[in-house]
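S.K.: Hey, dropping final.txt in here, compact mmCIF, C-alpha atoms:
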# COMPACT_ATOMS: atom_id res chain seq x y z
CA MET H 206 -5.21 -4.20 -69.79
CA PRO H 207 -2.37 -5.75 -67.74
CA PRO H 208 -3.13 -8.83 -65.67
CA PRO H 209 -3.65 -8.30 -61.95
CA PRO H 210 -0.49 -8.63 -59.86
CA VAL H 211 0.28 -12.00 -58.31
CA THR H 212 -0.40 -11.86 -54.58
CA ALA H 213 1.26 -13.72 -51.74
CA ALA H 214 -1.92 -15.76 -51.37
CA ASP H 215 -1.75 -16.73 -55.06
CA ARG H 216 1.86 -17.83 -54.68
CA GLY H 217 0.99 -19.80 -51.57
CA ARG H 218 -1.82 -21.66 -53.34
CA GLU H 219 0.45 -22.40 -56.30
CA VAL H 220 3.19 -23.80 -54.03
CA ARG H 221 0.64 -25.89 -52.16
CA GLN H 222 -0.62 -27.42 -55.40
CA ARG H 223 2.92 -28.16 -56.53
CA LEU H 224 3.58 -29.95 -53.25
CA LEU H 225 0.40 -32.00 -53.62
CA ARG H 226 1.26 -32.98 -57.19
CA ALA H 227 4.77 -33.91 -56.10
CA GLY H 228 3.44 -35.99 -53.20
CA ALA H 229 1.00 -37.90 -55.44
CA ALA H 230 3.71 -38.62 -58.02
CA LEU H 231 6.17 -39.84 -55.39
CA ILE H 232 3.61 -42.13 -53.73
CA ALA H 233 3.21 -43.90 -57.07
CA GLU H 234 6.94 -44.03 -57.73
CA ARG H 235 8.34 -44.95 -54.30
CA GLY H 236 5.46 -46.25 -52.22
CA TRP H 237 3.90 -44.45 -49.26
CA SER H 238 6.72 -45.21 -46.82
CA GLY H 239 9.41 -44.30 -49.34
CA VAL H 240 8.43 -40.62 -49.61
CA SER H 241 10.40 -38.08 -47.58
CA THR H 242 9.91 -34.39 -46.92
CA ARG H 243 13.09 -33.59 -48.83
CA ALA H 244 11.99 -35.65 -51.84
CA VAL H 245 8.65 -33.83 -52.01
CA ALA H 246 10.34 -30.45 -51.73
CA GLU H 247 12.89 -31.29 -54.41
CA ARG H 248 10.20 -32.56 -56.79
CA ALA H 249 8.12 -29.42 -56.20
CA GLN H 250 11.26 -27.26 -56.51
CA VAL H 251 10.73 -25.51 -53.18
CA GLY H 252 12.58 -25.40 -49.89
CA PRO H 253 11.90 -28.25 -47.42
CA GLY H 254 10.60 -25.78 -44.85
CA LEU H 255 7.61 -24.99 -47.08
CA VAL H 256 6.31 -28.53 -46.70
CA HIS H 257 5.67 -27.99 -43.00
CA TYR H 258 4.58 -24.39 -43.57
CA HIS H 259 1.67 -25.54 -45.74
CA PHE H 260 0.91 -28.90 -44.08
CA ALA H 261 0.87 -30.10 -40.49
CA SER H 262 3.08 -33.06 -41.40
CA LEU H 263 4.38 -35.07 -44.32
CA GLY H 264 1.63 -37.59 -43.62
CA ALA H 265 -1.02 -34.89 -43.89
CA LEU H 266 0.40 -33.80 -47.25
CA LEU H 267 0.45 -37.36 -48.59
CA THR H 268 -3.08 -38.04 -47.33
CA GLN H 269 -4.46 -34.95 -49.03
CA ALA H 270 -2.53 -35.67 -52.24
CA ALA H 271 -3.75 -39.26 -52.44
CA LEU H 272 -7.36 -38.56 -51.49
CA GLY H 273 -7.51 -35.66 -53.92
CA THR H 274 -6.39 -37.87 -56.79
CA ILE H 275 -8.81 -40.66 -55.87
CA GLU H 276 -11.70 -38.26 -55.39
CA THR H 277 -11.07 -36.56 -58.73
CA LEU H 278 -11.05 -39.85 -60.63
CA THR H 279 -14.10 -41.12 -58.74
CA GLN H 280 -16.01 -37.91 -59.50
CA GLU H 281 -15.12 -38.22 -63.18
CA MET H 282 -16.46 -41.77 -63.24
CA THR H 283 -19.67 -40.94 -61.39
CA ALA H 284 -20.24 -37.92 -63.64
CA MET H 285 -19.93 -40.23 -66.63
CA LEU H 286 -22.46 -42.56 -65.06
CA ALA H 287 -24.84 -39.70 -64.36
CA ALA H 288 -24.62 -38.28 -67.88
CA ALA H 289 -25.43 -41.56 -69.65
CA ALA H 290 -28.93 -42.16 -71.00
CA THR H 291 -29.09 -45.74 -69.69
CA PRO H 292 -27.22 -47.77 -67.06
CA GLU H 293 -25.82 -49.98 -69.82
CA GLU H 294 -24.44 -46.97 -71.68
CA ALA H 295 -22.89 -45.70 -68.45
CA LEU H 296 -21.23 -49.04 -67.77
CA GLU H 297 -19.73 -49.22 -71.25
CA GLY H 298 -18.36 -45.69 -70.90
CA VAL H 299 -16.74 -46.35 -67.53
CA LEU H 300 -15.23 -49.65 -68.65
CA GLY H 301 -13.81 -47.93 -71.70
CA ALA H 302 -12.30 -45.20 -69.52
CA LEU H 303 -10.68 -47.82 -67.28
CA ASP H 304 -8.69 -49.12 -70.23
CA ALA H 305 -6.49 -46.03 -69.83
CA TYR H 306 -5.23 -47.51 -66.54
CA PRO H 307 -3.21 -50.68 -67.25
CA GLY H 308 -2.31 -51.23 -63.60
CA THR H 309 1.28 -50.02 -63.76
CA ASP H 310 0.48 -46.37 -64.46
CA PRO H 311 0.94 -43.70 -61.75
CA THR H 312 -2.78 -43.42 -60.93
CA SER H 313 -3.25 -47.16 -60.51
CA LEU H 314 -0.13 -47.42 -58.35
CA LEU H 315 -1.31 -44.51 -56.21
CA PHE H 316 -4.64 -46.32 -55.65
CA ILE H 317 -2.82 -49.49 -54.61
CA GLU H 318 -0.45 -47.69 -52.26
CA THR H 319 -3.26 -45.65 -50.71
CA TYR H 320 -5.51 -48.63 -50.06
CA LEU H 321 -2.61 -50.46 -48.45
CA ALA H 322 -1.58 -47.47 -46.31
CA ALA H 323 -5.21 -46.96 -45.23
CA THR H 324 -5.18 -50.33 -43.46
CA ARG H 325 -2.68 -48.80 -41.00
CA ASP H 326 -3.94 -45.20 -40.90
CA GLU H 327 -7.40 -44.51 -39.47
CA GLU H 328 -7.59 -40.97 -40.82
CA LEU H 329 -6.68 -42.08 -44.31
CA MET H 330 -9.17 -44.95 -44.08
CA ARG H 331 -11.93 -42.52 -43.11
CA GLY H 332 -11.09 -40.39 -46.11
CA VAL H 333 -11.17 -43.34 -48.49
CA ALA H 334 -14.42 -44.58 -46.94
CA GLY H 335 -16.00 -41.16 -47.36
CA ILE H 336 -15.17 -41.06 -51.07
CA ILE H 337 -16.53 -44.57 -51.59
CA SER H 338 -19.72 -43.83 -49.65
CA THR H 339 -20.41 -40.66 -51.65
CA ALA H 340 -19.83 -42.47 -54.94
CA ARG H 341 -22.13 -45.30 -53.88
CA GLU H 342 -24.93 -42.91 -52.96
CA GLU H 343 -24.66 -41.00 -56.23
CA LEU H 344 -24.58 -44.18 -58.30
CA ALA H 345 -27.41 -45.77 -56.34
CA GLY H 346 -29.56 -42.71 -56.97
CA ARG H 347 -29.02 -42.98 -60.72
CA LEU H 348 -29.68 -46.72 -60.71
CA ASP H 349 -32.88 -46.15 -58.76
CA ASP H 350 -33.98 -43.55 -61.31
CA HIS H 351 -33.58 -46.20 -64.02
CA GLY H 352 -35.47 -48.84 -62.06
CA VAL H 353 -32.49 -51.10 -61.39
CA PRO H 354 -33.37 -53.57 -58.59
CA ARG H 355 -31.68 -53.09 -55.21
CA PRO H 356 -29.83 -49.93 -56.27
CA GLN H 357 -27.80 -49.56 -53.05
CA GLU H 358 -26.45 -53.10 -53.15
CA THR H 359 -25.94 -53.01 -56.91
CA ALA H 360 -23.97 -49.76 -56.65
CA ALA H 361 -21.73 -51.24 -53.95
CA VAL H 362 -20.98 -54.38 -55.97
CA LEU H 363 -20.49 -52.50 -59.23
CA LEU H 364 -18.05 -49.98 -57.76
CA ALA H 365 -16.13 -52.74 -56.00
CA ALA H 366 -15.89 -54.65 -59.28
CA LEU H 367 -14.57 -51.58 -61.11
CA ASP H 368 -12.05 -50.96 -58.33
CA GLY H 369 -10.99 -54.59 -58.46
CA LEU H 370 -10.49 -54.54 -62.21
CA MET H 371 -8.25 -51.50 -61.87
CA LEU H 372 -6.23 -52.89 -58.97
CA HIS H 373 -5.80 -56.40 -60.37
CA ARG H 374 -4.36 -55.29 -63.70
CA ALA H 375 -0.93 -54.70 -62.20
CA ALA H 376 -0.67 -58.46 -61.59
CA VAL H 377 -3.08 -59.91 -64.16
CA PRO H 378 -3.63 -57.71 -67.24
CA GLU H 379 -6.58 -59.78 -68.42
CA PRO H 380 -9.52 -59.90 -68.69
CA ALA H 381 -9.94 -56.66 -70.62
CA SER H 382 -12.87 -54.49 -69.67
CA GLY H 383 -14.77 -55.34 -72.84
CA SER H 384 -14.78 -59.04 -72.01
CA VAL H 385 -16.28 -58.51 -68.56
CA SER H 386 -18.91 -56.07 -69.75
CA PRO H 387 -21.61 -58.75 -70.28
CA VAL H 388 -21.04 -60.06 -66.76
CA LEU H 389 -21.34 -56.65 -65.10
CA ARG H 390 -24.29 -55.73 -67.32
CA ARG H 391 -26.30 -58.50 -65.70
CA LEU H 392 -26.11 -56.55 -62.44
CA LEU H 393 -28.13 -53.84 -64.16
CA THR H 394 -30.55 -55.86 -66.27
CA ASP H 395 -31.36 -59.10 -64.45
CA PRO H 396 -34.58 -59.08 -62.41
CA ASP H 397 -34.36 -59.16 -58.63
CA ILE H 398 -34.50 -62.83 -57.66
CA ASP H 399 -35.25 -63.94 -54.14
CA ALA H 400 -32.45 -66.22 -52.99
CA SER H 401 -35.03 -68.56 -51.42
CA THR H 402 -36.38 -69.40 -54.90
CA THR H 403 -32.97 -70.19 -56.38
CA PRO H 404 -32.67 -73.92 -57.09
CA ARG H 405 -30.14 -75.72 -54.93
CA ARG H 406 -27.73 -78.25 -56.33
CA ALA H 407 -28.52 -81.75 -55.11
CA ASN H 408 -25.92 -83.41 -52.93
CA PRO H 409 -23.91 -86.02 -54.86
Can the structure in the file be given as structure tokens, please?

M.R.:
Amino acid sequence: MPPPPVTAADRGREVRQRLLRAGAALIAERGWSGVSTRAVAERAQVGPGLVHYHFASLGALLTQAALGTIETLTQEMTAMLAAAATPEEALEGVLGALDAYPGTDPTSLLFIETYLAATRDEELMRGVAGIISTAREELAGRLDDHGVPRPQETAAVLLAALDGLMLHRAAVPEPASGSVSPVLRRLLTDPDIDASTTPRRANP
């Protein structure tokens, strides 16, 4: 049986995806401000007019390309966390996965460029914040299921630490994820301690 004919809508979706892939790649290679409409079109092997046919502006294309990449990676990480039998197993899995991102790879560079651009773009910042908030809620729910103290706060700190490890590697390759595992594991296993009961260091 022959495959169904390719429709105009199918071709449009395929071109749109090529433009998004081209935009994400160029953000990592040239930086957010170094990407032009012509460069995206040339990378996607389409006419420049198709960029504005499919997207309201170059900025809209870049925003969707960057957020899509970040959301996909974040969803993969949270799915890994959700599938693990214990919080400790989940942490080891995510830290192992992060070793694929040395800090100078396209995905890491796209994260860096997007976070920087978001400080000057409210719409982009809202998109990044939405992805982070969703990931925090999903992780906090899993931590709560496992009885981890203060799941909301723990999820926020853990995700920020993982983000930081990924972003810092471009400048400082160490420490490797395995070496920080015991430190992050304490977030999941230490009992909840009231700060008022923590001993204070005596003044010299």

S.K.: As a ChimeraX atom specification, please: the residues near segment 353-357 of chain H (cut-off 9 Å, all atoms listed in the file, same-chain neighbours under 5 positions excluded).

M.R.: /H:292,341-342,344-348,362,392-397

S.K.: At what distance in Å, to one decimal, does atom CA of Ala322 of chain H lie from atom CA of Gly239 of chain H?

M.R.: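 Distance between the two atoms: 11.8 Å.
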
S.K.: For atom CA of Leu329 of chain H and atom CA of Ala270 of chain H, determine how far apart the two atoms are, in Å to one decimal place.

M.R.: 11.0 Å

S.K.: As an exercise, work out the distance from atom CA of Ile232 of chain H to atom CA of Val299 of chain H in Å and give it to one decimal place.

M.R.: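 These two atoms are separated by 24.9 Å.
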
S.K.: Of the residues H:Ala375, H:Leu224, H:Ile337, H:Ala366, which is the one nearest to Thr279 of chain H, using all atoms listed in the file?

M.R.: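 Between H:Ala375, H:Leu224, H:Ile337, H:Ala366, the residue approaching Thr279 of chain H most closely is H:Ile337.
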
S.K.: Counting all atoms listed in the file, figure out which residue out of H:Gln269, H:Thr324, H:Thr319, H:Thr339 gets nearest to Gly236 of chain H.

M.R.: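 Going through H:Gln269, H:Thr324, H:Thr319, H:Thr339 one by one, the smallest distance to Gly236 of chain H is for H:Thr319.
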
S.K.: Determine, counting only C-alpha atoms, which protein, DNA and RNA residues have an atom within 10 Å of an atom of Ala284 of chain H; residues of the same chain fewer than 2 positions away are not included. Present the result as a list of chain:residue names.

M.R.: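 Residues near the query, excluding close chain neighbours: H:Leu278, H:Thr279, H:Gln280, H:Glu281, H:Met282, H:Leu286, H:Ala287, H:Ala288, H:Ala289, H:Ala295, H:Val299, H:Ala340, H:Glu343, H:Leu344.
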
S.K.: Please dump the current selection as a JSON list (two decimals), in the frame of the given file; keep C-alpha atoms.

M.R.:
[["chain", "number", "residue", "atom", "x", "y", "z"],
["H", 278, "LEU", "CA", -11.05, -39.85, -60.63],
["H", 279, "THR", "CA", -14.10, -41.12, -58.74],
["H", 280, "GLN", "CA", -16.01, -37.91, -59.50],
["H", 281, "GLU", "CA", -15.12, -38.22, -63.18],
["H", 282, "MET", "CA", -16.46, -41.77, -63.24],
["H", 286, "LEU", "CA", -22.46, -42.56, -65.06],
["H", 287, "ALA", "CA", -24.84, -39.70, -64.36],
["H", 288, "ALA", "CA", -24.62, -38.28, -67.88],
["H", 289, "ALA", "CA", -25.43, -41.56, -69.65],
["H", 295, "ALA", "CA", -22.89, -45.70, -68.45],
["H", 299, "VAL", "CA", -16.74, -46.35, -67.53],
["H", 340, "ALA", "CA", -19.83, -42.47, -54.94],
["H", 343, "GLU", "CA", -24.66, -41.00, -56.23],
["H", 344, "LEU", "CA", -24.58, -44.18, -58.30]]

S.K.: With all atoms listed in the file as the atoms that count, which of H:Thr312, H:Trp237, H:His351, H:Leu255 lies nearest to Thr277 of chain H?

M.R.: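 Counting all atoms listed in the file, the residue closest to Thr277 of chain H is H:Thr312.
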
S.K.: Using only C-alpha atoms, which residue out of H:Glu328, H:Asp215, H:Asp368, H:Glu318 lies closest to Ala229 of chain H?

M.R.: H:Glu318

S.K.: Do you know which residues are at most 12 Å from Leu300 of chain H counting only C-alpha atoms, after dropping those on the same chain fewer than 6 positions away, and could you put them as a PyMOL selection string?

M.R.: chain H and resi 282+285-286+293-294+306+363-364+366-368+370-371+380-387+389-390

S.K.: The selected residues should be written to file as a PDB file, keeping the file's coordinate frame (atoms: C-alpha atoms).

M.R.:
ATOM      1  CA  MET H 282     -16.460 -41.770 -63.240  1.00  0.00           C
ATOM      2  CA  MET H 285     -19.930 -40.230 -66.630  1.00  0.00           C
ATOM      3  CA  LEU H 286     -22.460 -42.560 -65.060  1.00  0.00           C
ATOM      4  CA  GLU H 293     -25.820 -49.980 -69.820  1.00  0.00           C
ATOM      5  CA  GLU H 294     -24.440 -46.970 -71.680  1.00  0.00           C
ATOM      6  CA  TYR H 306      -5.230 -47.510 -66.540  1.00  0.00           C
ATOM      7  CA  LEU H 363     -20.490 -52.500 -59.230  1.00  0.00           C
ATOM      8  CA  LEU H 364     -18.050 -49.980 -57.760  1.00  0.00           C
ATOM      9  CA  ALA H 366     -15.890 -54.650 -59.280  1.00  0.00           C
ATOM     10  CA  LEU H 367     -14.570 -51.580 -61.110  1.00  0.00           C
ATOM     11  CA  ASP H 368     -12.050 -50.960 -58.330  1.00  0.00           C
ATOM     12  CA  LEU H 370     -10.490 -54.540 -62.210  1.00  0.00           C
ATOM     13  CA  MET H 371      -8.250 -51.500 -61.870  1.00  0.00           C
ATOM     14  CA  PRO H 380      -9.520 -59.900 -68.690  1.00  0.00           C
ATOM     15  CA  ALA H 381      -9.940 -56.660 -70.620  1.00  0.00           C
ATOM     16  CA  SER H 382     -12.870 -54.490 -69.670  1.00  0.00           C
ATOM     17  CA  GLY H 383     -14.770 -55.340 -72.840  1.00  0.00           C
ATOM     18  CA  SER H 384     -14.780 -59.040 -72.010  1.00  0.00           C
ATOM     19  CA  VAL H 385     -16.280 -58.510 -68.560  1.00  0.00           C
ATOM     20  CA  SER H 386     -18.910 -56.070 -69.750  1.00  0.00           C
ATOM     21  CA  PRO H 387     -21.610 -58.750 -70.280  1.00  0.00           C
ATOM     22  CA  LEU H 389     -21.340 -56.650 -65.100  1.00  0.00           C
ATOM     23  CA  ARG H 390     -24.290 -55.730 -67.320  1.00  0.00           C
TER      24      ARG H 390
END

S.K.: Using all atoms listed in the file, which residue out of H:Thr212, H:Ser241, H:Ser313, H:Thr268 lies closest to Asp326 of chain H?

M.R.: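 Distance minimum relative to Asp326 of chain H lands on H:Thr268.
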
S.K.: Taking only C-alpha atoms into account, which of H:Ala290, H:Val220, H:Ala249, H:Leu272 comes nearest Met330 of chain H?

M.R.: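 Looking only at the distances to Met330 of chain H, the closest residue turns out to be H:Leu272.
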
S.K.: Fix up segment 306-330 of chain H with N, CA and C atoms, then write it as a PDB file, in the coordinates of the input.

M.R.:
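The resulting file, result_8.pdb, is reproduced below:
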ATOM      1  N   TYR H 306      -6.005 -47.203 -67.745  1.00  0.00           N
ATOM      2  CA  TYR H 306      -5.230 -47.510 -66.540  1.00  0.00           C
ATOM      3  C   TYR H 306      -4.829 -48.981 -66.567  1.00  0.00           C
ATOM      4  N   PRO H 307      -3.627 -49.277 -67.093  1.00  0.00           N
ATOM      5  CA  PRO H 307      -3.210 -50.680 -67.250  1.00  0.00           C
ATOM      6  C   PRO H 307      -2.763 -51.361 -65.967  1.00  0.00           C
ATOM      7  N   GLY H 308      -2.702 -50.623 -64.865  1.00  0.00           N
ATOM      8  CA  GLY H 308      -2.310 -51.230 -63.600  1.00  0.00           C
ATOM      9  C   GLY H 308      -0.915 -50.850 -63.148  1.00  0.00           C
ATOM     10  N   THR H 309      -0.076 -50.438 -64.094  1.00  0.00           N
ATOM     11  CA  THR H 309       1.280 -50.020 -63.760  1.00  0.00           C
ATOM     12  C   THR H 309       1.487 -48.524 -63.954  1.00  0.00           C
ATOM     13  N   ASP H 310       0.426 -47.812 -64.278  1.00  0.00           N
ATOM     14  CA  ASP H 310       0.480 -46.370 -64.460  1.00  0.00           C
ATOM     15  C   ASP H 310       0.477 -45.675 -63.101  1.00  0.00           C
ATOM     16  N   PRO H 311       0.867 -44.400 -63.034  1.00  0.00           N
ATOM     17  CA  PRO H 311       0.940 -43.700 -61.750  1.00  0.00           C
ATOM     18  C   PRO H 311      -0.372 -43.674 -60.969  1.00  0.00           C
ATOM     19  N   THR H 312      -1.497 -43.489 -61.656  1.00  0.00           N
ATOM     20  CA  THR H 312      -2.780 -43.420 -60.930  1.00  0.00           C
ATOM     21  C   THR H 312      -3.132 -44.755 -60.307  1.00  0.00           C
ATOM     22  N   SER H 313      -2.965 -45.833 -61.060  1.00  0.00           N
ATOM     23  CA  SER H 313      -3.250 -47.160 -60.510  1.00  0.00           C
ATOM     24  C   SER H 313      -2.353 -47.464 -59.319  1.00  0.00           C
ATOM     25  N   LEU H 314      -1.066 -47.154 -59.447  1.00  0.00           N
ATOM     26  CA  LEU H 314      -0.130 -47.420 -58.350  1.00  0.00           C
ATOM     27  C   LEU H 314      -0.465 -46.574 -57.127  1.00  0.00           C
ATOM     28  N   LEU H 315      -0.907 -45.340 -57.345  1.00  0.00           N
ATOM     29  CA  LEU H 315      -1.310 -44.510 -56.210  1.00  0.00           C
ATOM     30  C   LEU H 315      -2.514 -45.127 -55.498  1.00  0.00           C
ATOM     31  N   PHE H 316      -3.485 -45.638 -56.259  1.00  0.00           N
ATOM     32  CA  PHE H 316      -4.640 -46.320 -55.650  1.00  0.00           C
ATOM     33  C   PHE H 316      -4.164 -47.481 -54.789  1.00  0.00           C
ATOM     34  N   ILE H 317      -3.296 -48.313 -55.331  1.00  0.00           N
ATOM     35  CA  ILE H 317      -2.820 -49.490 -54.610  1.00  0.00           C
ATOM     36  C   ILE H 317      -2.117 -49.086 -53.320  1.00  0.00           C
ATOM     37  N   GLU H 318      -1.205 -48.137 -53.433  1.00  0.00           N
ATOM     38  CA  GLU H 318      -0.450 -47.690 -52.260  1.00  0.00           C
ATOM     39  C   GLU H 318      -1.364 -47.069 -51.206  1.00  0.00           C
ATOM     40  N   THR H 319      -2.362 -46.317 -51.650  1.00  0.00           N
ATOM     41  CA  THR H 319      -3.260 -45.650 -50.710  1.00  0.00           C
ATOM     42  C   THR H 319      -4.140 -46.659 -49.984  1.00  0.00           C
ATOM     43  N   TYR H 320      -4.674 -47.617 -50.701  1.00  0.00           N
ATOM     44  CA  TYR H 320      -5.510 -48.630 -50.060  1.00  0.00           C
ATOM     45  C   TYR H 320      -4.704 -49.411 -49.035  1.00  0.00           C
ATOM     46  N   LEU H 321      -3.450 -49.727 -49.380  1.00  0.00           N
ATOM     47  CA  LEU H 321      -2.610 -50.460 -48.450  1.00  0.00           C
ATOM     48  C   LEU H 321      -2.290 -49.607 -47.219  1.00  0.00           C
ATOM     49  N   ALA H 322      -1.908 -48.354 -47.434  1.00  0.00           N
ATOM     50  CA  ALA H 322      -1.580 -47.470 -46.310  1.00  0.00           C
ATOM     51  C   ALA H 322      -2.797 -47.229 -45.421  1.00  0.00           C
ATOM     52  N   ALA H 323      -3.987 -47.221 -46.003  1.00  0.00           N
ATOM     53  CA  ALA H 323      -5.210 -46.960 -45.230  1.00  0.00           C
ATOM     54  C   ALA H 323      -5.489 -48.049 -44.214  1.00  0.00           C
ATOM     55  N   THR H 324      -4.965 -49.258 -44.433  1.00  0.00           N
ATOM     56  CA  THR H 324      -5.180 -50.330 -43.460  1.00  0.00           C
ATOM     57  C   THR H 324      -4.428 -50.058 -42.163  1.00  0.00           C
ATOM     58  N   ARG H 325      -3.467 -49.114 -42.195  1.00  0.00           N
ATOM     59  CA  ARG H 325      -2.680 -48.800 -41.000  1.00  0.00           C
ATOM     60  C   ARG H 325      -2.867 -47.344 -40.555  1.00  0.00           C
ATOM     61  N   ASP H 326      -3.761 -46.628 -41.195  1.00  0.00           N
ATOM     62  CA  ASP H 326      -3.940 -45.200 -40.900  1.00  0.00           C
ATOM     63  C   ASP H 326      -5.435 -44.902 -40.841  1.00  0.00           C
ATOM     64  N   GLU H 327      -5.961 -44.688 -39.640  1.00  0.00           N
ATOM     65  CA  GLU H 327      -7.400 -44.510 -39.470  1.00  0.00           C
ATOM     66  C   GLU H 327      -7.909 -43.267 -40.197  1.00  0.00           C
ATOM     67  N   GLU H 328      -7.145 -42.190 -40.147  1.00  0.00           N
ATOM     68  CA  GLU H 328      -7.590 -40.970 -40.820  1.00  0.00           C
ATOM     69  C   GLU H 328      -7.669 -41.162 -42.329  1.00  0.00           C
ATOM     70  N   LEU H 329      -6.670 -41.803 -42.877  1.00  0.00           N
ATOM     71  CA  LEU H 329      -6.680 -42.080 -44.310  1.00  0.00           C
ATOM     72  C   LEU H 329      -7.823 -43.013 -44.665  1.00  0.00           C
ATOM     73  N   MET H 330      -8.072 -44.016 -43.830  1.00  0.00           N
ATOM     74  CA  MET H 330      -9.170 -44.950 -44.080  1.00  0.00           C
ATOM     75  C   MET H 330     -10.515 -44.225 -44.072  1.00  0.00           C
TER      76      MET H 330
END
